[in-house]
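Peer 1: Structure incoming, see below.
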Amino acid sequence: MGLFQKIKDGLKKTRDSIVGQIDSMLKSFTKIDEELFEELEELLVMGDVGLPTAQRICEELRKRVKQEGIKDPNAIHGLMHDIITQMLKGGEELHISTKPSIILVIGVNGVGKTTTIGKIAARLTQEGKKVILGAADTFRAAAIDQLEIWAQRSGADIVKQNEGSDPAAVVYDAISAAKARNADVVICDTAGRLHNKKNLMDELAKIGRIIDRELPNADKEVLLVLDATTGQNAVNQAREFKNAAGITGIVLTKLDGTARGGVVLAIKEDLNVPVKFIGVGEQVDDLQPFDAEDFANALFAPEKE
């Protein structure tokens with residue numbers, strides 16, 4: 001199965017829910033008027049796009065319809081594809097050109113954080129990079145064990161300490177190992193306690209200081225893993241983490257299991273944080289680098305008869 005087909009299949013529930021309803025709504029109109037835009041905005045909000053983003057999409061549509069003198073409601077479908085592609089573009093590539101670079105992965109428990117780390121590690125090792133995993137989620141023994149399994153599967157090295165160890169010390173050890181072993185990328189897991197807990201944010205700040213001190217000129221990505229099935233809750237989590245941890249990108253998991261894929265737009269547009277990867281299935285290669293054009297095409301692609 002090709003990459004695009006994976007993404008298209010993974011977005012089926014979202015496409016059927018949001019785009020399917022929009023197309024049905026457009027067929028009920030014979031002209032483009034304010035009532036059409038109001039209904040469209042409502043459908044977008046219901047599809048977890050979020051009110052501010054829904055309003056911006058409709059505003060841009062009004063402008064384009066006026067500029068281009070469009071009369072046919074069915075033309076809205078193609079305009080939305082273009083507008084959404086433009087909205088989502090920018091910043092989706094991973095910045096890891098220094099040797100070593102570091103990726104810090106954060107997120108609450110249950111979103112697929114450790115699995116995401118394993119899948120990113122597998123992708124990078126396949127590209128010929130030497131990867132070291134830092135098991136800095138020392139709060140749960142299971143997280144360390146899980147990461148060890150992923151290290152074996154992906155061909156990455158792992159640096160770990162005992163459960164309850166200082167996470168910042170694990171990150172320090174992982175960076176030291178990367179320097180000694182001439183590794184390309186260090187990927188660090190972090191504790192997944194709730195995003196509003198001050199101790200977790202203090203812990204992330206301490207880890208950040210270690211990284212800045214030990215790798216002052218390295219490329220650094222701080223990726224927040226979110227579960228797409230939680231819809232607007234994912235946006236609220238991203239807002240909390242952005243304020244506290246300076247995230248550089250989002251990994252959105254479990255998109256194949258939800259009709260709430262519109263949340264991608266809310267995250268990018270409301271929070272100005274790019275989506276770097278999307279998870280559209282259980283397999284290792286079902287974690288795909290995010291591509292705005294592919295995402296919009298998969299949403300708006302017509303179904304084969």
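Simple scheme: letters A, B, ... for chains in structure tokens order, numbers from 1 for residues in each chain, numbers from 1 for ligands in the order shown.
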Extract, using only C-alpha atoms, all DNA, RNA and protein residues at most 10 Å from A:Ala136, discarding same-chain residues fewer than 4 positions from it, and format them as a list of chain:residue names.
Peer 2: A:Leu104, A:Val105, A:Arg140, A:Ala143, A:Ile144, A:Val159, A:Lys160, A:Gln161, A:Asn162, A:Glu163, A:Gly164, A:Ser165, A:Asp166, A:Pro167, A:Ala168, A:Ala169, A:Val170, A:Val171, A:Tyr172, A:Ala174, A:Ile187, A:Cys188, A:Asp189, A:Thr190, A:Ala191, A:Ile207
Peer 1: Quick one: residues within 8 Å of A:Gly91, only C-alpha atoms counted, chain neighbours fewer than 3 positions away excluded, as a VMD selection string?
Peer 2: chain A and resid 274 to 276
Peer 1: A:Thr116: which residues within 8 Å, counting only C-alpha atoms, same-chain residues fewer than 4 positions away excluded, as number ranges by chain?
Peer 2: A: 112, 120, 225, 287
Peer 1: Next, the residues of the selection above should be written as a CSV table (one decimal), in the first residue's frame with N, CA, C and O atoms.
Peer 2:
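Saved the output as result_16.csv:
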chain,number,residue,atom,x,y,z
A,112,GLY,N,0.2,7.2,23.6
A,112,GLY,CA,1.0,6.5,22.6
A,112,GLY,C,2.4,7.1,22.5
A,112,GLY,O,3.1,7.0,21.5
A,120,ILE,N,9.5,6.6,15.6
A,120,ILE,CA,10.5,7.6,15.0
A,120,ILE,C,11.9,7.0,15.0
A,120,ILE,O,12.6,7.2,14.0
A,225,VAL,N,3.1,14.6,22.0
A,225,VAL,CA,2.3,13.5,21.5
A,225,VAL,C,0.8,13.7,22.0
A,225,VAL,O,0.6,13.8,23.2
A,287,LEU,N,3.2,5.5,11.3
A,287,LEU,CA,3.5,6.9,11.7
A,287,LEU,C,4.2,7.6,10.6
A,287,LEU,O,5.3,7.3,10.2
Peer 1: Please indicate the distance in Å from atom CA of A:Ile103 to atom CA of A:Arg239, rounded to one decimal place.
Peer 2: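 Computed distance, atom CA of A:Ile103 to atom CA of A:Arg239, equals 19.6 Å.
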Peer 1: Write out as a PyMOL selection string the residues lying within 9 Å of A:Lys220, counting only C-alpha atoms and excluding same-chain residues fewer than 4 positions away.
Peer 2: chain A and resi 95-96+101-104+211+248
Peer 1: So how far away is atom CA of A:Leu255 from atom CA of A:Gln288, in Å?
Peer 2: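 Interatomic distance here is 11.2 Å.
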Peer 1: In stretch 5-90 of chain A, what's helix (DSSP H, G or I) per DSSP? Answer as a PyMOL selection string?
Peer 2: chain A and resi 5-10+12-27+34-46+51-68+73-88
Peer 1: Point out the residue among A:Leu271, A:Ile57, A:Leu252, A:Val263 with the least atom-to-atom distance to A:Met87, counting only C-alpha atoms.
Peer 2: A:Ile57
Peer 1: Quick one: residues within 7 Å of A:Val251, only C-alpha atoms, excluding same-chain residues fewer than 2 positions away - as a ChimeraX atom specification?
Peer 2: /A:223-226,249,253,275-278
Peer 1: Mind writing the picked residues with N, CA, C and O atoms as a short mmCIF file (atom, residue, chain, number, x, y, z; two decimals), in the first residue's frame?
Peer 2:
data_model
loop_
_atom_site.label_atom_id
_atom_site.label_comp_id
_atom_site.auth_asym_id
_atom_site.auth_seq_id
_atom_site.Cartn_x
_atom_site.Cartn_y
_atom_site.Cartn_z
N LEU A 223 8.71 17.51 20.93
CA LEU A 223 7.49 17.01 20.29
C LEU A 223 6.46 16.60 21.34
O LEU A 223 6.76 15.83 22.24
N LEU A 224 5.26 17.14 21.18
CA LEU A 224 4.15 16.78 22.07
C LEU A 224 3.28 15.75 21.37
O LEU A 224 2.80 15.98 20.26
N VAL A 225 3.10 14.60 22.02
CA VAL A 225 2.25 13.54 21.46
C VAL A 225 0.83 13.74 21.98
O VAL A 225 0.61 13.85 23.19
N LEU A 226 -0.12 13.78 21.06
CA LEU A 226 -1.53 13.97 21.40
C LEU A 226 -2.36 12.86 20.77
O LEU A 226 -2.06 12.38 19.68
N GLY A 249 6.70 21.02 17.92
CA GLY A 249 5.87 20.27 16.99
C GLY A 249 4.96 19.29 17.70
O GLY A 249 5.13 18.98 18.88
N THR A 253 -1.53 11.05 17.24
CA THR A 253 -1.72 9.60 17.09
C THR A 253 -3.21 9.25 16.97
O THR A 253 -4.08 10.07 17.24
N VAL A 275 2.21 20.38 12.93
CA VAL A 275 2.10 18.94 13.12
C VAL A 275 3.25 18.30 12.36
O VAL A 275 3.44 18.56 11.17
N LYS A 276 4.06 17.48 13.04
CA LYS A 276 5.26 16.88 12.41
C LYS A 276 5.00 15.45 11.94
O LYS A 276 5.55 15.02 10.94
N PHE A 277 4.21 14.70 12.71
CA PHE A 277 3.88 13.31 12.34
C PHE A 277 2.41 13.05 12.65
O PHE A 277 1.86 13.63 13.58
N ILE A 278 1.82 12.13 11.87
CA ILE A 278 0.47 11.65 12.19
C ILE A 278 0.49 10.12 12.23
O ILE A 278 1.18 9.48 11.43
#
Peer 1: Quick check, in Å to one decimal: how far apart do atom CA of A:Gln86 and atom CA of A:Ala121 lie?
Peer 2: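 Calculated distance between atom CA of A:Gln86 and atom CA of A:Ala121 is 29.4 Å.
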Peer 1: Neighbours of A:Glu293 within 9 Å (only C-alpha atoms; same-chain residues fewer than 5 positions away dropped), as a list in words?
Peer 2: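 In the requested format, the answer is His81, Asp82, Ile84, Thr85, Gln86, Leu88, Lys89 and Ala298 of chain A.
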Peer 1: Would you mind exporting all heavy atoms of the selected residues as a JSON list (two decimals), in the first residue's frame?
Peer 2:
[["chain", "number", "residue", "atom", "x", "y", "z"],
["A", 81, "HIS", "N", -10.27, 22.86, -0.09],
["A", 81, "HIS", "CA", -9.04, 22.06, -0.22],
["A", 81, "HIS", "C", -7.82, 22.99, -0.28],
["A", 81, "HIS", "O", -6.84, 22.78, 0.43],
["A", 81, "HIS", "CB", -9.15, 21.21, -1.50],
["A", 81, "HIS", "CG", -7.87, 20.52, -1.86],
["A", 81, "HIS", "ND1", -6.85, 21.16, -2.53],
["A", 81, "HIS", "CD2", -7.43, 19.25, -1.64],
["A", 81, "HIS", "CE1", -5.83, 20.32, -2.70],
["A", 81, "HIS", "NE2", -6.17, 19.16, -2.16],
["A", 82, "ASP", "N", -7.89, 24.02, -1.12],
["A", 82, "ASP", "CA", -6.76, 24.95, -1.28],
["A", 82, "ASP", "C", -6.48, 25.73, 0.00],
["A", 82, "ASP", "O", -5.32, 25.88, 0.41],
["A", 82, "ASP", "CB", -7.05, 25.95, -2.41],
["A", 82, "ASP", "CG", -7.17, 25.26, -3.77],
["A", 82, "ASP", "OD1", -6.80, 24.07, -3.85],
["A", 82, "ASP", "OD2", -7.63, 25.90, -4.72],
["A", 84, "ILE", "N", -7.27, 24.99, 3.16],
["A", 84, "ILE", "CA", -6.79, 24.11, 4.23],
["A", 84, "ILE", "C", -5.33, 23.70, 3.98],
["A", 84, "ILE", "O", -4.52, 23.68, 4.90],
["A", 84, "ILE", "CB", -7.72, 22.90, 4.39],
["A", 84, "ILE", "CG1", -8.99, 23.34, 5.15],
["A", 84, "ILE", "CG2", -7.05, 21.74, 5.12],
["A", 84, "ILE", "CD1", -10.10, 22.35, 5.20],
["A", 85, "THR", "N", -4.99, 23.43, 2.72],
["A", 85, "THR", "CA", -3.58, 23.11, 2.39],
["A", 85, "THR", "C", -2.67, 24.26, 2.82],
["A", 85, "THR", "O", -1.64, 24.05, 3.47],
["A", 85, "THR", "CB", -3.41, 22.83, 0.88],
["A", 85, "THR", "OG1", -4.29, 21.79, 0.49],
["A", 85, "THR", "CG2", -1.98, 22.43, 0.55],
["A", 86, "GLN", "N", -3.05, 25.49, 2.45],
["A", 86, "GLN", "CA", -2.23, 26.67, 2.78],
["A", 86, "GLN", "C", -2.13, 26.87, 4.29],
["A", 86, "GLN", "O", -1.08, 27.22, 4.82],
["A", 86, "GLN", "CB", -2.80, 27.92, 2.11],
["A", 86, "GLN", "CG", -2.57, 27.99, 0.61],
["A", 86, "GLN", "CD", -1.12, 27.71, 0.21],
["A", 86, "GLN", "OE1", -0.19, 28.30, 0.74],
["A", 86, "GLN", "NE2", -0.93, 26.76, -0.70],
["A", 88, "LEU", "N", -2.20, 24.64, 6.63],
["A", 88, "LEU", "CA", -1.42, 23.60, 7.31],
["A", 88, "LEU", "C", 0.05, 23.61, 6.93],
["A", 88, "LEU", "O", 0.87, 22.96, 7.58],
["A", 88, "LEU", "CB", -2.01, 22.22, 7.00],
["A", 88, "LEU", "CG", -3.36, 21.92, 7.66],
["A", 88, "LEU", "CD1", -3.92, 20.61, 7.13],
["A", 88, "LEU", "CD2", -3.24, 21.87, 9.18],
["A", 89, "LYS", "N", 0.40, 24.32, 5.86],
["A", 89, "LYS", "CA", 1.79, 24.29, 5.39],
["A", 89, "LYS", "C", 2.70, 25.08, 6.31],
["A", 89, "LYS", "O", 2.32, 26.09, 6.87],
["A", 89, "LYS", "CB", 1.87, 24.87, 3.98],
["A", 89, "LYS", "CG", 1.69, 23.83, 2.91],
["A", 89, "LYS", "CD", 1.99, 24.36, 1.53],
["A", 89, "LYS", "CE", 1.92, 23.21, 0.52],
["A", 89, "LYS", "NZ", 1.84, 23.67, -0.84],
["A", 298, "ALA", "N", -6.16, 13.78, 0.97],
["A", 298, "ALA", "CA", -6.80, 12.60, 1.55],
["A", 298, "ALA", "C", -8.20, 12.94, 2.08],
["A", 298, "ALA", "O", -9.13, 12.15, 2.00],
["A", 298, "ALA", "CB", -5.94, 12.02, 2.66]]
Peer 1: Stretch 107-136 of chain A: which residues are strand (DSSP E) by DSSP, as number ranges by chain?
Peer 2: A: 131-135
Peer 1: Between A:Asp72, A:Asp16, A:Asp286, A:Asp48, which residue has the minimum interatomic distance to A:Leu36, considering only C-alpha atoms?
Peer 2: A:Asp72
Peer 1: I want to know what sits within 12 Å of A:Glu127, based on only C-alpha atoms, with residues of the same chain fewer than 3 positions away left out; could you give that as number ranges by chain?
Peer 2: A: 120-124, 130-131, 154-155, 184-185
Peer 1: Set out as CSV a contact list for stretch 100-135 of chain A and stretch 232-238 of chain A with a cut-off of 10 Å, giving each residue of stretch 100-135 of chain A that qualifies its closest atom pair and distance in Å to one decimal, counting only C-alpha atoms, ordered by chain and rising residue number.
Peer 2:
residue,atom,partner,partner_atom,distance
A:Gly107,CA,A:Gln237,CA,8.5
A:Val108,CA,A:Gln237,CA,8.6
A:Val111,CA,A:Ala234,CA,9.9
Peer 1: Got time to write the residues from that selection, all heavy atoms, as a PDB file, in the first residue's frame?
Peer 2:
ATOM      1  N   GLY A 107       4.123  14.387  26.736  1.00  0.00           N
ATOM      2  CA  GLY A 107       2.699  14.083  26.558  1.00  0.00           C
ATOM      3  C   GLY A 107       2.181  13.291  27.737  1.00  0.00           C
ATOM      4  O   GLY A 107       2.946  12.636  28.442  1.00  0.00           O
ATOM      5  N   VAL A 108       0.873  13.360  27.946  1.00  0.00           N
ATOM      6  CA  VAL A 108       0.278  12.655  29.086  1.00  0.00           C
ATOM      7  C   VAL A 108       0.247  11.153  28.814  1.00  0.00           C
ATOM      8  O   VAL A 108       0.372  10.714  27.671  1.00  0.00           O
ATOM      9  CB  VAL A 108      -1.152  13.168  29.417  1.00  0.00           C
ATOM     10  CG1 VAL A 108      -1.139  14.638  29.769  1.00  0.00           C
ATOM     11  CG2 VAL A 108      -2.115  12.915  28.268  1.00  0.00           C
ATOM     12  N   VAL A 111      -1.332   8.342  25.490  1.00  0.00           N
ATOM     13  CA  VAL A 111      -1.487   8.925  24.144  1.00  0.00           C
ATOM     14  C   VAL A 111      -0.660   8.172  23.095  1.00  0.00           C
ATOM     15  O   VAL A 111      -0.765   8.437  21.904  1.00  0.00           O
ATOM     16  CB  VAL A 111      -1.104  10.426  24.116  1.00  0.00           C
ATOM     17  CG1 VAL A 111      -2.078  11.250  24.929  1.00  0.00           C
ATOM     18  CG2 VAL A 111       0.337  10.656  24.570  1.00  0.00           C
TER      19      VAL A 111
END
